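*Asks:* Supplied structure: target-v7.cif, mmCIF, C-alpha atoms.
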data_query
#
loop_
_atom_site.label_atom_id
_atom_site.label_comp_id
_atom_site.auth_asym_id
_atom_site.auth_seq_id
_atom_site.Cartn_x
_atom_site.Cartn_y
_atom_site.Cartn_z
CA ALA A 364 102.59 124.32 117.56
CA GLN A 365 106.26 123.58 117.82
CA THR A 366 108.71 125.18 115.44
CA VAL A 367 112.36 124.51 114.72
CA THR A 368 114.65 127.16 113.27
CA GLN A 369 118.05 126.67 111.67
CA SER A 370 119.42 130.12 110.93
CA GLN A 371 122.45 129.03 108.88
CA PRO A 372 121.43 127.81 105.41
CA GLU A 373 125.06 127.02 104.57
CA MET A 374 128.29 126.49 106.49
CA SER A 375 131.77 125.43 105.55
CA VAL A 376 134.66 124.00 107.54
CA GLN A 377 138.23 123.02 106.82
CA GLU A 378 139.03 119.34 107.12
CA ALA A 379 140.14 118.42 110.68
CA GLU A 380 138.62 121.63 112.11
CA THR A 381 135.56 122.02 114.33
CA VAL A 382 132.24 123.46 113.26
CA THR A 383 129.04 124.25 115.15
CA LEU A 384 125.58 124.19 113.59
CA SER A 385 122.85 126.19 115.31
CA CYS A 386 119.27 125.22 116.06
CA THR A 387 116.59 126.90 118.12
CA TYR A 388 113.10 125.68 118.81
CA ASP A 389 109.88 126.89 120.30
CA THR A 390 107.66 124.77 122.54
CA SER A 391 105.52 125.02 125.65
CA GLU A 392 106.06 121.36 126.57
CA SER A 393 108.30 120.30 129.40
CA ASP A 394 109.51 116.98 128.01
CA TYR A 395 110.54 116.32 124.46
CA TYR A 396 113.31 114.96 122.30
CA LEU A 397 115.66 116.76 119.97
CA PHE A 398 117.52 115.19 117.10
CA TRP A 399 120.13 115.94 114.50
CA TYR A 400 119.80 114.11 111.19
CA LYS A 401 122.38 114.01 108.42
CA GLN A 402 121.38 113.76 104.76
CA PRO A 403 124.32 113.07 102.41
CA PRO A 404 123.99 113.35 98.62
CA SER A 405 122.51 109.83 98.58
CA ARG A 406 119.42 111.41 100.24
CA GLN A 407 119.33 108.80 102.98
CA MET A 408 118.30 110.30 106.35
CA ILE A 409 120.75 109.24 109.04
CA LEU A 410 120.25 109.86 112.76
CA VAL A 411 123.35 111.54 114.16
CA ILE A 412 122.44 112.26 117.75
CA ARG A 413 119.48 112.43 120.13
CA GLN A 414 118.85 114.42 123.31
CA GLU A 415 116.04 114.12 125.83
CA ALA A 416 115.00 117.40 127.37
CA TYR A 417 114.96 115.95 130.90
CA LYS A 418 118.59 114.93 130.75
CA GLN A 419 121.02 117.61 131.83
CA GLN A 420 124.02 115.98 130.26
CA ASN A 421 124.75 116.85 126.68
CA ALA A 422 124.65 113.89 124.29
CA THR A 423 127.83 112.77 122.55
CA GLU A 424 128.42 110.32 119.70
CA ASN A 425 132.07 110.02 118.76
CA ARG A 426 133.03 113.29 116.97
CA PHE A 427 129.49 114.69 117.31
CA SER A 428 128.27 116.46 120.41
CA VAL A 429 125.47 118.84 121.29
CA ASN A 430 125.16 121.93 123.41
CA PHE A 431 121.65 121.76 124.81
CA GLN A 432 120.44 124.91 126.54
CA LYS A 433 116.88 124.18 127.67
CA ALA A 434 116.09 127.62 129.03
CA ALA A 435 117.31 129.29 125.86
CA LYS A 436 115.64 126.59 123.70
CA SER A 437 118.86 126.09 121.84
CA PHE A 438 120.33 122.83 120.52
CA SER A 439 123.56 123.21 118.58
CA LEU A 440 125.60 120.43 116.99
CA LYS A 441 129.38 120.43 117.20
CA ILE A 442 131.38 118.35 114.76
CA SER A 443 135.00 117.87 115.77
CA ASP A 444 137.85 116.81 113.50
CA SER A 445 135.68 117.33 110.43
CA GLN A 446 136.04 114.80 107.63
CA LEU A 447 135.14 114.97 103.96
CA GLY A 448 132.37 112.45 104.63
CA ASP A 449 130.68 114.92 106.97
CA ALA A 450 129.64 117.05 104.01
CA ALA A 451 125.84 116.87 103.93
CA MET A 452 122.59 118.60 104.81
CA TYR A 453 121.97 118.59 108.54
CA PHE A 454 118.48 118.81 109.95
CA CYS A 455 117.49 119.62 113.49
CA ALA A 456 114.21 118.01 114.61
CA TYR A 457 111.84 118.07 117.57
CA ARG A 458 109.39 115.48 118.87
CA SER A 459 107.07 115.61 121.86
CA ALA A 460 107.59 113.00 124.56
CA PHE A 461 103.96 113.04 125.59
CA TRP A 462 101.86 112.74 122.50
CA VAL A 463 101.83 110.65 119.38
CA THR A 464 103.32 113.31 117.20
CA PRO A 465 105.66 113.28 114.29
CA LEU A 466 109.06 114.84 113.97
CA VAL A 467 109.09 118.58 113.28
CA PHE A 468 112.09 119.53 111.16
CA GLY A 469 114.05 122.69 110.64
CA LYS A 470 114.88 123.78 107.11
CA GLY A 471 118.39 122.41 107.23
CA THR A 472 122.01 123.57 107.05
CA ARG A 473 124.21 122.54 104.15
CA LEU A 474 127.71 121.77 105.41
CA SER A 475 130.68 121.79 103.05
CA VAL A 476 134.04 120.36 104.09
CA ILE A 477 137.10 121.87 102.42
CA ALA A 478 140.14 119.66 101.95
CA ASN B 1432 115.85 92.98 107.61
CA ALA B 1433 115.31 95.16 104.55
CA GLY B 1434 114.26 98.05 106.82
CA VAL B 1435 112.02 100.63 105.14
CA THR B 1436 111.64 100.23 101.39
CA GLN B 1437 110.05 102.64 98.94
CA THR B 1438 109.05 102.18 95.34
CA PRO B 1439 109.50 103.61 92.81
CA LYS B 1440 112.80 105.46 93.20
CA PHE B 1441 111.85 108.01 90.54
CA GLN B 1442 108.62 108.77 88.71
CA VAL B 1443 107.47 111.28 86.13
CA LEU B 1444 103.77 112.09 85.96
CA LYS B 1445 101.62 114.36 83.90
CA THR B 1446 99.28 116.80 85.57
CA GLY B 1447 96.03 115.07 86.50
CA GLN B 1448 97.42 111.55 86.60
CA SER B 1449 97.11 109.46 89.73
CA MET B 1450 99.65 107.15 91.28
CA THR B 1451 100.55 105.34 94.48
CA LEU B 1452 103.90 105.59 96.23
CA GLN B 1453 104.63 102.36 98.04
CA CYS B 1454 106.20 102.07 101.47
CA ALA B 1455 106.86 98.86 103.37
CA GLN B 1456 108.74 97.94 106.52
CA ASP B 1457 109.63 94.51 107.86
CA MET B 1458 110.38 95.52 111.45
CA ASN B 1459 106.81 95.21 112.80
CA HIS B 1460 106.76 98.92 113.54
CA GLU B 1461 103.55 100.53 114.80
CA TYR B 1462 104.23 104.06 113.69
CA MET B 1463 104.64 105.05 110.04
CA SER B 1464 104.64 108.43 108.35
CA TRP B 1465 105.10 110.20 105.04
CA TYR B 1466 107.12 113.38 104.55
CA ARG B 1467 107.85 115.52 101.55
CA GLN B 1468 111.11 117.39 101.12
CA ASP B 1469 111.31 120.55 99.06
CA PRO B 1470 114.38 122.77 98.61
CA GLY B 1471 114.77 125.16 101.53
CA MET B 1472 111.76 123.73 103.35
CA GLY B 1473 113.10 120.79 105.33
CA LEU B 1474 110.81 117.78 105.68
CA ARG B 1475 107.11 118.36 106.14
CA LEU B 1476 104.67 115.75 107.35
CA ILE B 1477 101.89 114.65 105.00
CA HIS B 1478 100.13 111.81 106.86
CA TYR B 1479 100.95 109.40 109.60
CA SER B 1480 99.62 106.18 111.14
CA VAL B 1481 99.88 104.79 114.65
CA GLY B 1482 98.75 101.30 113.67
CA ALA B 1483 96.75 99.29 111.18
CA GLY B 1484 93.47 101.02 110.43
CA ILE B 1485 94.47 104.32 112.08
CA THR B 1486 95.70 107.32 110.11
CA ASP B 1487 95.83 111.06 110.64
CA GLN B 1488 96.76 114.19 108.74
CA GLY B 1489 99.99 116.07 109.05
CA GLU B 1490 101.01 119.57 108.05
CA VAL B 1491 100.47 119.27 104.27
CA PRO B 1492 97.80 116.59 103.59
CA ASN B 1493 95.91 118.19 100.69
CA GLY B 1494 96.02 116.15 97.49
CA TYR B 1495 97.16 112.97 99.21
CA ASN B 1496 95.35 109.93 100.61
CA VAL B 1497 96.64 107.13 102.80
CA SER B 1498 95.37 103.90 104.28
CA ARG B 1499 96.94 101.32 106.56
CA SER B 1500 95.39 97.90 106.11
CA THR B 1501 98.45 96.00 107.38
CA THR B 1502 101.25 96.76 109.83
CA GLU B 1503 103.84 96.45 107.07
CA ASP B 1504 102.47 98.72 104.34
CA PHE B 1505 101.61 102.40 104.22
CA PRO B 1506 100.93 103.55 100.64
CA LEU B 1507 100.56 107.21 99.68
CA ARG B 1508 98.11 108.01 96.90
CA LEU B 1509 98.15 111.08 94.71
CA LEU B 1510 94.63 111.44 93.38
CA SER B 1511 95.25 114.02 90.66
CA ALA B 1512 98.89 115.06 90.43
CA ALA B 1513 99.79 118.75 90.26
CA PRO B 1514 103.17 120.41 89.54
CA SER B 1515 103.19 121.61 93.18
CA GLN B 1516 103.54 117.97 94.20
CA THR B 1517 106.95 117.73 92.55
CA SER B 1518 109.10 116.75 95.50
CA VAL B 1519 111.09 114.02 97.18
CA TYR B 1520 108.93 111.80 99.35
CA PHE B 1521 110.18 109.93 102.39
CA CYS B 1522 108.48 107.21 104.36
CA ALA B 1523 109.55 106.59 107.96
CA SER B 1524 108.70 104.12 110.70
CA SER B 1525 109.39 103.53 114.38
CA GLN B 1526 108.67 100.72 116.80
CA GLY B 1527 106.11 102.54 118.88
CA ARG B 1528 104.81 105.94 119.69
CA GLN B 1529 107.39 107.13 122.19
CA GLY B 1530 108.94 110.42 121.28
CA GLY B 1531 112.54 109.29 121.66
CA GLU B 1532 112.36 106.21 119.48
CA THR B 1533 114.53 106.10 116.43
CA GLN B 1534 112.67 106.73 113.21
CA TYR B 1535 113.93 104.74 110.27
CA PHE B 1536 113.68 106.42 106.90
CA GLY B 1537 113.30 104.88 103.48
CA PRO B 1538 115.58 105.94 100.61
CA GLY B 1539 113.02 108.35 99.17
CA THR B 1540 110.99 108.62 95.97
CA ARG B 1541 111.67 111.51 93.63
CA LEU B 1542 108.51 112.64 91.88
CA LEU B 1543 108.35 115.04 88.95
CA VAL B 1544 104.95 116.31 87.82
CA LEU B 1545 104.87 117.99 84.44
#
Take the structure I supplied and represent it as structure tokens, if you would.
*Replies:*
Amino acid sequence: AQTVTQSQPEMSVQEAETVTLSCTYDTSESDYYLFWYKQPPSRQMILVIRQEAYKQQNATENRFSVNFQKAAKSFSLKISDSQLGDAAMYFCAYRSAFWVTPLVFGKGTRLSVIA
Amino acid sequence: NAGVTQTPKFQVLKTGQSMTLQCAQDMNHEYMSWYRQDPGMGLRLIHYSVGAGITDQGEVPNGYNVSRSTTEDFPLRLLSAAPSQTSVYFCASSQGRQGGETQYFGPGTRLLVL
């Protein structure tokens, strides 16, 4: 079974600075997708960024980018120019590309942004 | 489109009571699922469905039933509520079964079992 590990329960960053959230995963599959979801205090789950394992290029969405290291099974999220609105829980998630399987989530990292 | 809707937003139950959490989507999505979120545990899958009439168990299915009689609706039934089922419940849907498809989440239902 696949597992996703987020080793940082809490992180903080100064406004306008850069922060990196860590995620590692375990799988024997060769093709899969990795995701970062943001959950603000409203509880709504918001997709931040998505990466397919077959793509070498790291995904980028505005101030959010990932460092995908397939061999190391690592998938970190970098937030640049942090804003107060970035404060939230962030979840890393895995989904197989081959089977009808659900998302497997990590336990989350709570990010605080300090003004 | 309303997207994924969940009712109620908040519910208090007594131990042993039963109830149904409603989930509906108006995007004609094939795939629907239910997760529960507990502090420090992330989201864990309860049940999922790949189409009307087809359901399967996830990681934590005990104490919950589901059915999928229509594409739009995917209710979650608690047969006899227990304090361990106190949680926030999320319903999600996606167009098909492909791994990379965006899953759309509902706003969640907060359940307190006394």
*Asks:* Expand the PyMOL selection byres ((chain B) within 9 of (chain A)) into the individual residues it matches in the shown file, reporting them as an MDAnalysis selection string.
*Replies:* chainID B and resid 1464 1470:1476 1479 1481 1489 1528:1531 1533:1539
*Asks:* Return as a list in words the set of residues that the PyMOL selection byres ((chain A and resi 365) around 6) yields on the displayed structure.
*Replies:*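 Here the PyMOL selection byres ((chain A and resi 365) around 6) matches Ala364, Thr366, Asp389 and Thr390 of chain A.
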*Asks:* Applied to this file, what does the PyMOL selection byres ((chain B and resi 1433) around 9) return in terms of residues, put as a PDB file with C-alpha atoms, in the coordinates of the input?
*Replies:*
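Saved file result.pdb follows:
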ATOM      1  CA  ASN B1432     115.850  92.980 107.610  1.00  0.00           C
ATOM      2  CA  GLY B1434     114.260  98.050 106.820  1.00  0.00           C
ATOM      3  CA  VAL B1435     112.020 100.630 105.140  1.00  0.00           C
ATOM      4  CA  THR B1436     111.640 100.230 101.390  1.00  0.00           C
ATOM      5  CA  GLN B1456     108.740  97.940 106.520  1.00  0.00           C
ATOM      6  CA  ASP B1457     109.630  94.510 107.860  1.00  0.00           C
ATOM      7  CA  MET B1458     110.380  95.520 111.450  1.00  0.00           C
TER       8      MET B1458
END
*Asks:* Would you compute the distance between CA of Ser475 in chain A and CA of Gln377 in chain A? Give it in Å to one decimal.
*Replies:*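 Value for the CA of Ser475 in chain A-CA of Gln377 in chain A distance: 8.5 Å.
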*Asks:* Can you work out the spacing between CA of Lys441 in chain A and CA of Ile477 in chain A in Å, to one decimal?
*Replies:*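 Between these atoms lies a distance of 16.7 Å.
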*Asks:* Can you tell me, as a VMD selection string, what residues are no more than 8 Å from Leu1444 in chain B when counting all atoms listed in the file, ignoring any on the same chain fewer than 2 positions away?
*Replies:* chain B and resid 1442 1446 1448 1512 1542 to 1545
*Asks:* Which residues are near Ser437 in chain A? Cut-off 8 Å, all atoms listed in the file, ignore same chain within fewer than 3 positions. Put them as a PyMOL selection string.
*Replies:* chain A and resi 385-388+430-434
*Asks:* Just give me the gap between CA of Trp399 in chain A and CA of Tyr1462 in chain B in Å, one decimal is fine.
*Replies:*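 Taking CA of Trp399 in chain A as the start and CA of Tyr1462 in chain B as the end point, the length is 19.9 Å.
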*Asks:* For range 1496-1510 of chain B, work out the shell of residues within 8 Å, counting only C-alpha atoms and skipping chain neighbours fewer than 4 positions away, then give it as number ranges by chain.
*Replies:* B: 1447-1461, 1463-1465, 1478, 1480, 1482-1486, 1492
*Asks:* For Gly448 in chain A, work out the shell of residues within 12 Å, counting all atoms listed in the file and skipping chain neighbours fewer than 5 positions away, then give it as a PyMOL selection string.
*Replies:* chain A and resi 378-379+401-405+442+474-478
